[in-house]
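File shown: final-v4.cif. Contents: mmCIF, C-alpha atoms.
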```cif
data_upload
loop_
_atom_site.label_atom_id
_atom_site.label_comp_id
_atom_site.auth_asym_id
_atom_site.auth_seq_id
_atom_site.Cartn_x
_atom_site.Cartn_y
_atom_site.Cartn_z
CA MET A 1 0.00 0.00 0.00
CA GLN A 2 2.90 2.37 0.70
CA ARG A 3 4.10 1.85 -2.87
CA LEU A 4 0.69 2.88 -4.21
CA ALA A 5 0.48 5.88 -1.87
CA SER A 6 3.96 7.07 -2.83
CA ALA A 7 2.90 6.95 -6.50
CA GLY A 8 0.29 9.60 -5.77
CA LEU A 9 -2.78 7.38 -6.17
CA LEU A 10 -5.79 8.80 -4.37
CA GLU A 11 -7.23 5.63 -2.85
CA PRO A 12 -4.48 3.04 -2.37
CA ILE A 13 -6.63 0.88 -0.06
CA VAL A 14 -9.35 0.65 -2.70
CA GLU A 15 -6.78 -0.09 -5.40
CA LEU A 16 -5.08 -2.80 -3.36
CA SER A 17 -8.42 -4.33 -2.34
CA ALA A 18 -9.47 -4.59 -6.00
CA LEU A 19 -6.25 -6.36 -6.92
CA TRP A 20 -6.57 -8.69 -3.93
CA ARG A 21 -10.16 -9.68 -4.79
CA ALA A 22 -9.25 -10.39 -8.40
CA ARG A 23 -6.15 -12.48 -7.66
CA SER A 24 -7.24 -14.33 -4.52
CA GLY A 25 -10.96 -14.69 -5.19
CA ASP A 26 -11.55 -13.46 -1.63
CA ALA A 27 -14.12 -10.67 -1.39
CA MET A 28 -13.00 -9.50 2.09
CA PRO A 29 -9.30 -8.65 1.99
CA LEU A 30 -9.12 -6.92 5.37
CA SER A 31 -10.42 -9.90 7.31
CA SER A 32 -9.25 -12.57 4.95
CA ARG A 33 -8.37 -16.11 5.91
CA THR A 34 -7.00 -16.84 2.47
CA SER A 35 -3.54 -18.32 2.61
CA ILE A 36 -1.00 -15.96 1.03
CA THR A 37 1.11 -18.34 -0.98
CA THR A 38 4.46 -17.40 -2.46
CA GLU A 39 2.86 -17.37 -5.90
CA LEU A 40 0.03 -15.07 -4.77
CA ARG A 41 2.44 -12.70 -3.04
CA LYS A 42 4.64 -12.42 -6.13
CA GLN A 43 1.60 -11.81 -8.31
CA LEU A 44 0.33 -9.05 -6.02
CA GLU A 45 3.77 -7.43 -5.80
CA ALA A 46 3.98 -7.38 -9.60
CA ASP A 47 0.45 -5.94 -9.85
CA VAL A 48 1.19 -3.22 -7.31
CA GLU A 49 4.35 -2.23 -9.17
CA ARG A 50 2.46 -1.98 -12.46
CA ARG A 51 -0.30 0.08 -10.83
CA ALA A 52 2.23 2.38 -9.15
CA ASN A 53 3.71 3.01 -12.60
CA GLY A 54 0.33 4.30 -13.77
CA GLU A 55 -1.09 1.24 -15.50
CA PRO A 56 -4.89 1.07 -15.02
CA ILE A 57 -6.28 -1.84 -13.05
CA ALA A 58 -8.37 -2.81 -16.08
CA ARG A 59 -5.13 -3.30 -18.05
CA ILE A 60 -3.48 -5.25 -15.25
CA LEU A 61 -6.43 -7.61 -14.85
CA GLY A 62 -7.35 -7.66 -18.54
CA SER A 63 -11.03 -6.87 -18.06
CA ARG A 64 -13.44 -4.07 -17.18
CA GLU A 65 -17.07 -3.94 -16.10
CA PHE A 66 -19.43 -2.05 -18.41
CA TYR A 67 -23.18 -1.88 -17.97
CA SER A 68 -22.98 -4.59 -15.26
CA GLN A 69 -21.07 -7.03 -17.48
CA ASP A 70 -17.36 -7.86 -17.56
CA PHE A 71 -15.49 -7.50 -20.86
CA ARG A 72 -12.05 -8.85 -21.66
CA LEU A 73 -9.54 -6.34 -22.97
CA ASN A 74 -6.24 -6.39 -24.78
CA ASN A 75 -3.96 -3.46 -25.54
CA ALA A 76 -5.81 -2.75 -28.81
CA CYS A 77 -9.05 -2.04 -26.95
CA LEU A 78 -10.12 1.21 -25.35
CA ILE A 79 -11.10 0.75 -21.71
CA PRO A 80 -14.91 1.22 -21.56
CA ARG A 81 -15.98 4.49 -19.91
CA PRO A 82 -19.17 5.22 -17.95
CA ASP A 83 -19.90 8.08 -20.39
CA SER A 84 -20.43 5.49 -23.13
CA GLU A 85 -23.41 4.08 -21.24
CA THR A 86 -25.21 7.09 -22.72
CA ILE A 87 -25.05 5.54 -26.18
CA ILE A 88 -26.56 2.28 -24.87
CA ASP A 89 -29.41 4.16 -23.19
CA ALA A 90 -29.98 6.10 -26.41
CA LEU A 91 -30.01 2.93 -28.54
CA LEU A 92 -32.50 1.20 -26.25
CA GLU A 93 -34.77 4.25 -26.38
CA ILE A 94 -34.53 4.50 -30.17
CA ILE A 95 -35.30 0.81 -30.68
CA ALA A 96 -38.16 0.81 -28.16
CA ARG A 97 -39.79 3.82 -29.87
CA PRO A 98 -38.48 3.75 -33.45
CA ILE A 99 -39.11 6.64 -35.81
CA ALA A 100 -38.43 4.28 -38.73
CA PRO A 101 -38.19 0.48 -39.17
CA ILE A 102 -34.95 -0.87 -37.69
CA THR A 103 -33.86 -4.28 -38.96
CA HIS A 104 -30.07 -4.20 -39.40
CA ILE A 105 -27.90 -2.47 -36.77
CA HIS A 106 -24.16 -1.96 -37.27
CA GLU A 107 -21.43 -0.63 -34.97
CA LEU A 108 -18.32 1.04 -36.35
CA GLY A 109 -15.02 0.74 -34.45
CA CYS A 110 -16.35 -1.85 -32.02
CA GLY A 111 -13.11 -2.41 -30.07
CA SER A 112 -13.81 -4.95 -27.31
CA GLY A 113 -17.40 -5.27 -28.52
CA CYS A 114 -18.75 -3.89 -25.26
CA LEU A 115 -21.34 -1.63 -26.91
CA ILE A 116 -22.87 -3.98 -29.50
CA ILE A 117 -22.79 -6.96 -27.10
CA THR A 118 -24.36 -4.91 -24.29
CA LEU A 119 -27.08 -3.75 -26.68
CA VAL A 120 -27.93 -7.28 -27.82
CA GLU A 121 -27.89 -8.67 -24.27
CA ASN A 122 -30.22 -5.91 -23.04
CA LEU A 123 -32.59 -6.40 -25.96
CA LYS A 124 -32.80 -10.10 -25.09
CA CYS A 125 -33.96 -9.16 -21.59
CA ALA A 126 -36.27 -6.30 -22.57
CA SER A 127 -39.96 -6.71 -21.87
CA ASN A 128 -40.76 -5.06 -25.21
CA ARG A 129 -38.58 -7.57 -27.01
CA PRO A 130 -38.03 -6.51 -30.63
CA LYS A 131 -38.59 -8.62 -33.69
CA LEU A 132 -35.67 -10.55 -35.16
CA ARG A 133 -32.86 -8.20 -36.19
CA LYS A 134 -29.42 -8.43 -37.77
CA PHE A 135 -26.48 -7.15 -35.75
CA SER A 136 -22.98 -6.56 -37.08
CA ALA A 137 -19.85 -4.65 -36.08
CA SER A 138 -16.48 -3.80 -37.56
CA ASP A 139 -13.05 -2.53 -36.53
CA LYS A 140 -9.76 -1.78 -38.29
CA SER A 141 -7.79 -3.60 -35.58
CA LEU A 142 -7.67 -7.37 -35.94
CA LYS A 143 -6.46 -7.65 -32.34
CA ALA A 144 -9.47 -5.70 -31.08
CA LEU A 145 -11.76 -7.95 -33.12
CA LEU A 146 -10.19 -10.96 -31.41
CA ALA A 147 -11.19 -9.54 -28.02
CA ALA A 148 -14.70 -8.76 -29.31
CA ARG A 149 -15.21 -12.30 -30.55
CA LYS A 150 -14.02 -13.73 -27.21
CA ASN A 151 -16.41 -11.46 -25.35
CA LEU A 152 -19.26 -12.53 -27.60
CA ALA A 153 -18.40 -16.20 -27.05
CA SER A 154 -18.62 -15.72 -23.28
CA THR A 155 -22.27 -14.67 -23.66
CA LYS A 156 -23.14 -17.83 -25.61
CA ASN A 157 -24.65 -15.56 -28.22
CA ASN A 158 -23.84 -15.86 -31.91
CA SER A 159 -26.12 -13.16 -33.29
CA ILE A 160 -23.40 -10.59 -34.10
CA LEU A 161 -21.25 -10.67 -37.24
CA PHE A 162 -17.82 -9.11 -36.65
CA SER A 163 -15.72 -8.02 -39.61
CA TYR A 164 -12.60 -6.04 -40.49
CA SER A 165 -13.05 -2.54 -41.90
CA ASP A 166 -11.62 0.96 -41.68
CA TRP A 167 -15.01 2.48 -40.86
CA LEU A 168 -17.03 1.45 -43.94
CA SER A 169 -14.40 1.96 -46.64
CA ASN A 170 -13.01 -1.57 -46.98
CA LYS A 171 -14.49 -4.63 -48.63
CA GLN A 172 -16.09 -6.77 -45.94
CA PRO A 173 -18.90 -9.31 -45.48
CA SER A 174 -21.32 -6.58 -44.39
CA ARG A 175 -20.65 -4.50 -47.53
CA ARG A 176 -23.56 -6.12 -49.32
CA TYR A 177 -25.93 -4.84 -46.65
CA ARG A 178 -27.74 -1.56 -46.22
CA PHE A 179 -28.17 -0.55 -42.59
CA ASP A 180 -31.12 0.95 -40.76
CA LEU A 181 -29.03 2.12 -37.81
CA ILE A 182 -25.29 2.73 -37.55
CA PHE A 183 -23.65 3.80 -34.31
CA ALA A 184 -20.09 4.55 -33.24
CA ASN A 185 -17.89 5.84 -30.44
CA PRO A 186 -15.00 7.03 -32.62
CA PRO A 187 -11.81 8.82 -31.54
CA TYR A 188 -12.69 12.47 -30.99
CA LEU A 189 -9.80 13.98 -29.03
CA ARG A 190 -7.87 16.82 -30.65
CA ARG A 191 -4.36 15.58 -31.38
CA LYS A 192 -2.70 18.16 -29.14
CA ASP A 193 -5.00 17.26 -26.23
CA ARG A 194 -3.71 13.69 -26.15
CA TYR A 195 -0.52 14.96 -24.52
CA HIS A 196 -2.43 16.49 -21.61
CA LEU A 197 -4.34 13.36 -20.65
CA GLN A 198 -3.91 11.42 -17.43
CA ARG A 199 -0.98 9.02 -17.73
CA GLU A 200 -3.38 6.05 -17.39
CA VAL A 201 -4.95 7.11 -20.69
CA GLN A 202 -1.96 8.65 -22.47
CA ASN A 203 0.38 5.73 -21.85
CA PHE A 204 -1.94 2.74 -21.91
CA ASP A 205 -4.97 3.38 -24.16
CA PRO A 206 -4.42 2.74 -27.90
CA PRO A 207 -3.76 5.98 -29.84
CA LEU A 208 -5.94 4.64 -32.66
CA ALA A 209 -8.96 4.88 -30.36
CA LEU A 210 -8.16 8.40 -29.11
CA ASP A 211 -6.72 10.54 -31.91
CA GLY A 212 -9.45 12.47 -33.73
CA GLY A 213 -7.03 14.50 -35.82
CA PHE A 214 -6.16 18.19 -35.66
CA ASP A 215 -9.62 19.35 -34.53
CA GLY A 216 -10.90 16.06 -33.11
CA LEU A 217 -13.53 15.74 -35.82
CA ALA A 218 -11.66 13.77 -38.51
CA SER A 219 -13.23 10.38 -37.74
CA LEU A 220 -16.67 11.87 -37.13
CA ARG A 221 -16.64 13.58 -40.54
CA ALA A 222 -15.41 10.39 -42.24
CA ILE A 223 -18.15 8.32 -40.62
CA CYS A 224 -20.87 10.78 -41.66
CA SER A 225 -19.65 10.71 -45.25
CA LEU A 226 -19.24 6.94 -45.53
CA ALA A 227 -22.38 6.03 -43.58
CA LEU A 228 -24.47 8.15 -45.94
CA LYS A 229 -23.72 5.61 -48.69
CA ARG A 230 -24.63 2.62 -46.54
CA LEU A 231 -27.73 3.81 -44.69
CA ARG A 232 -31.17 3.28 -46.12
CA ILE A 233 -33.20 6.42 -46.81
CA GLY A 234 -34.44 7.51 -43.41
CA GLY A 235 -31.71 5.45 -41.72
CA LEU A 236 -30.24 6.59 -38.41
CA LEU A 237 -26.68 7.46 -37.39
CA LEU A 238 -25.83 7.70 -33.69
CA LEU A 239 -22.47 9.19 -32.70
CA GLU A 240 -20.70 9.65 -29.39
CA HIS A 241 -18.56 12.79 -29.20
CA ALA A 242 -17.07 15.39 -26.88
CA PRO A 243 -19.64 17.82 -25.42
CA GLU A 244 -18.17 20.85 -27.19
CA GLN A 245 -18.39 19.10 -30.60
CA SER A 246 -22.18 18.83 -30.69
CA THR A 247 -22.79 22.01 -32.69
CA ALA A 248 -20.04 21.30 -35.23
CA ILE A 249 -21.33 17.76 -35.82
CA ALA A 250 -24.87 18.98 -36.47
CA ALA A 251 -23.53 21.59 -38.92
CA PHE A 252 -21.39 19.35 -41.11
CA ALA A 253 -23.90 16.49 -40.92
CA LYS A 254 -26.59 18.81 -42.28
CA ARG A 255 -24.35 19.76 -45.21
CA GLN A 256 -23.78 16.11 -46.02
CA GLY A 257 -27.45 15.14 -46.06
CA TYR A 258 -28.60 14.44 -42.51
CA ALA A 259 -31.20 15.95 -40.25
CA LYS A 260 -30.38 16.23 -36.57
CA ILE A 261 -33.01 14.46 -34.49
CA LYS A 262 -31.82 14.63 -30.90
CA THR A 263 -28.83 15.10 -28.58
CA TYR A 264 -28.44 12.88 -25.52
CA ARG A 265 -26.66 14.00 -22.36
CA ASP A 266 -24.28 11.90 -20.26
CA LEU A 267 -24.36 11.30 -16.50
CA SER A 268 -22.85 14.75 -15.90
CA GLY A 269 -25.46 16.49 -18.03
CA ARG A 270 -23.08 17.16 -20.96
CA LYS A 271 -24.03 16.70 -24.61
CA ARG A 272 -22.48 13.33 -25.39
CA VAL A 273 -24.41 11.55 -28.18
CA THR A 274 -26.11 12.91 -31.32
CA LEU A 275 -28.79 11.15 -33.38
CA LEU A 276 -28.89 11.94 -37.11
CA LYS A 277 -31.30 10.81 -39.81
CA ARG A 278 -30.45 10.39 -43.47
CA LYS A 279 -32.60 12.67 -45.61
CA PRO A 280 -34.39 11.21 -48.66
CA SER A 281 -32.86 13.74 -51.08
CA ASN A 282 -29.67 11.84 -51.92
CA LYS A 283 -31.17 9.78 -54.74
CA ALA A 284 -27.87 9.38 -56.56
CA LEU A 285 -26.63 7.24 -53.69
CA ASP A 286 -29.51 4.73 -53.77
#
```
Can you turn what I pasted into structure tokens?
Amino acid sequence: MQRLASAGLLEPIVELSALWRARSGDAMPLSSRTSITTELRKQLEADVERRANGEPIARILGSREFYSQDFRLNNACLIPRPDSETIIDALLEIIARPIAPITHIHELGCGSGCLIITLVENLKCASNRPKLRKFSASDKSLKALLAARKNLASTKNNSILFSYSDWLSNKQPSRRYRFDLIFANPPYLRRKDRYHLQREVQNFDPPLALDGGFDGLASLRAICSLALKRLRIGGLLLLEHAPEQSTAIAAFAKRQGYAKIKTYRDLSGRKRVTLLKRKPSNKALD
């Protein structure tokens, strides 16, 4: 614990307790009767050293809870954030009260698969269970797709097709489909802001999942442009973004052929997710 405290961590007891529970399987570290074997001690010492050097516990343990479900991670996957629960809540609301038929749902840049898998699992449990739908997801990192497929396998659910793609620009199995709903949590940090992040993020999250280009909007603009060609007329595009990007997204999306439908706020009340609808005026694309 002294090693964690000297590293400037705010709650070393909480940090150490989390590592203990994960490695020993004992839920009560302070009154534990678990035998501390040489192997367990060495493992904990190694974990504490990694944490003191700034590595997030989710990286050390290789998993993170999101929406009450554990997801395996590798170093190609962004650690799931509570803010991204906003996109799940928005999706469940949209599907429960659709403004257009929704049959095929696709996620771009799925990473660990936590969003698309959480969506499917929650739809399975919903009282207003939807009709049969197609679900698919893609990512440009093969290593991230490996984690996503493992996470899907742990749910004993085979209803999601994962494929390789740089957004929607590459040939892939899902290319023959038109989608009713596309959603994404793309990188949206301005490049210069990456160097002012906490060391847990700057040093251990994949740059591919963080860097949104010079103004943070590069991936968001690319998705709007590419999705326009793959959405059905009246299809929906749901994007997570930084709060201050909401106005800019609505502006360039309107120029490309979308109508803004709604903005959803995160747990802190900030504008976090924007819903767009493809207008029916782009006949040349159909």
Result set of the PyMOL selection byres ((chain A and resi 92-108) around 9) on the coordinates above, as a ChimeraX atom specification: /A:87-91,109-111,113,115-116,119,122-123,128-139,165-168,174,177-186,223,234-236
Keeping only C-alpha atoms, take the residues you just selected and write them out as a compact mmCIF listing (two decimals), in the frame of the given file.
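Listed below is the output, out_16.txt:
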```
# COMPACT_ATOMS: atom_id res chain seq x y z
CA ILE A 87 -25.05 5.54 -26.18
CA ILE A 88 -26.56 2.28 -24.87
CA ASP A 89 -29.41 4.16 -23.19
CA ALA A 90 -29.98 6.10 -26.41
CA LEU A 91 -30.01 2.93 -28.54
CA GLY A 109 -15.02 0.74 -34.45
CA CYS A 110 -16.35 -1.85 -32.02
CA GLY A 111 -13.11 -2.41 -30.07
CA GLY A 113 -17.40 -5.27 -28.52
CA LEU A 115 -21.34 -1.63 -26.91
CA ILE A 116 -22.87 -3.98 -29.50
CA LEU A 119 -27.08 -3.75 -26.68
CA ASN A 122 -30.22 -5.91 -23.04
CA LEU A 123 -32.59 -6.40 -25.96
CA ASN A 128 -40.76 -5.06 -25.21
CA ARG A 129 -38.58 -7.57 -27.01
CA PRO A 130 -38.03 -6.51 -30.63
CA LYS A 131 -38.59 -8.62 -33.69
CA LEU A 132 -35.67 -10.55 -35.16
CA ARG A 133 -32.86 -8.20 -36.19
CA LYS A 134 -29.42 -8.43 -37.77
CA PHE A 135 -26.48 -7.15 -35.75
CA SER A 136 -22.98 -6.56 -37.08
CA ALA A 137 -19.85 -4.65 -36.08
CA SER A 138 -16.48 -3.80 -37.56
CA ASP A 139 -13.05 -2.53 -36.53
CA SER A 165 -13.05 -2.54 -41.90
CA ASP A 166 -11.62 0.96 -41.68
CA TRP A 167 -15.01 2.48 -40.86
CA LEU A 168 -17.03 1.45 -43.94
CA SER A 174 -21.32 -6.58 -44.39
CA TYR A 177 -25.93 -4.84 -46.65
CA ARG A 178 -27.74 -1.56 -46.22
CA PHE A 179 -28.17 -0.55 -42.59
CA ASP A 180 -31.12 0.95 -40.76
CA LEU A 181 -29.03 2.12 -37.81
CA ILE A 182 -25.29 2.73 -37.55
CA PHE A 183 -23.65 3.80 -34.31
CA ALA A 184 -20.09 4.55 -33.24
CA ASN A 185 -17.89 5.84 -30.44
CA PRO A 186 -15.00 7.03 -32.62
CA ILE A 223 -18.15 8.32 -40.62
CA GLY A 234 -34.44 7.51 -43.41
CA GLY A 235 -31.71 5.45 -41.72
CA LEU A 236 -30.24 6.59 -38.41
```
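Across the structure, atom CA of Gly54 of chain A and atom CA of Glu200 of chain A are spaced 5.5 Å apart.
Going from atom CA of Gly216 of chain A over to atom CA of Lys277 of chain A, you cover 22.1 Å.
Closest approach to Ser246 of chain A among A:Lys271, A:Arg51, A:Arg149, A:Arg265 is made by A:Lys271 (distances from all atoms listed in the file).
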Residues near Leu152 of chain A, anyone? I mean within 12 Å using all atoms listed in the file, not counting same-chain ones fewer than 4 positions away, as a PDB file with C-alpha atoms, keeping the file's coordinate frame.
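So around02.pdb came out as:
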```pdb
ATOM      1  CA  GLN A  69     -21.070  -7.030 -17.480  1.00  0.00           C
ATOM      2  CA  ASP A  70     -17.360  -7.860 -17.560  1.00  0.00           C
ATOM      3  CA  PHE A  71     -15.490  -7.500 -20.860  1.00  0.00           C
ATOM      4  CA  ARG A  72     -12.050  -8.850 -21.660  1.00  0.00           C
ATOM      5  CA  CYS A 110     -16.350  -1.850 -32.020  1.00  0.00           C
ATOM      6  CA  SER A 112     -13.810  -4.950 -27.310  1.00  0.00           C
ATOM      7  CA  GLY A 113     -17.400  -5.270 -28.520  1.00  0.00           C
ATOM      8  CA  CYS A 114     -18.750  -3.890 -25.260  1.00  0.00           C
ATOM      9  CA  LEU A 115     -21.340  -1.630 -26.910  1.00  0.00           C
ATOM     10  CA  ILE A 116     -22.870  -3.980 -29.500  1.00  0.00           C
ATOM     11  CA  ILE A 117     -22.790  -6.960 -27.100  1.00  0.00           C
ATOM     12  CA  THR A 118     -24.360  -4.910 -24.290  1.00  0.00           C
ATOM     13  CA  LEU A 119     -27.080  -3.750 -26.680  1.00  0.00           C
ATOM     14  CA  VAL A 120     -27.930  -7.280 -27.820  1.00  0.00           C
ATOM     15  CA  GLU A 121     -27.890  -8.670 -24.270  1.00  0.00           C
ATOM     16  CA  SER A 136     -22.980  -6.560 -37.080  1.00  0.00           C
ATOM     17  CA  ALA A 137     -19.850  -4.650 -36.080  1.00  0.00           C
ATOM     18  CA  LEU A 145     -11.760  -7.950 -33.120  1.00  0.00           C
ATOM     19  CA  LEU A 146     -10.190 -10.960 -31.410  1.00  0.00           C
ATOM     20  CA  ALA A 147     -11.190  -9.540 -28.020  1.00  0.00           C
ATOM     21  CA  ALA A 148     -14.700  -8.760 -29.310  1.00  0.00           C
ATOM     22  CA  LYS A 156     -23.140 -17.830 -25.610  1.00  0.00           C
ATOM     23  CA  ASN A 157     -24.650 -15.560 -28.220  1.00  0.00           C
ATOM     24  CA  ASN A 158     -23.840 -15.860 -31.910  1.00  0.00           C
ATOM     25  CA  SER A 159     -26.120 -13.160 -33.290  1.00  0.00           C
ATOM     26  CA  ILE A 160     -23.400 -10.590 -34.100  1.00  0.00           C
ATOM     27  CA  LEU A 161     -21.250 -10.670 -37.240  1.00  0.00           C
ATOM     28  CA  PHE A 162     -17.820  -9.110 -36.650  1.00  0.00           C
TER      29      PHE A 162
END
```
Selection: 7 Å around Ala76 of chain A, all atoms listed in the file, excl. self and same-chain fewer than 5 positions, as a PyMOL selection string: chain A and resi 143-144+206
Atomic separation - atom CA of Ile60 of chain A relative to atom CA of Val48 of chain A, Å: 9.4 Å
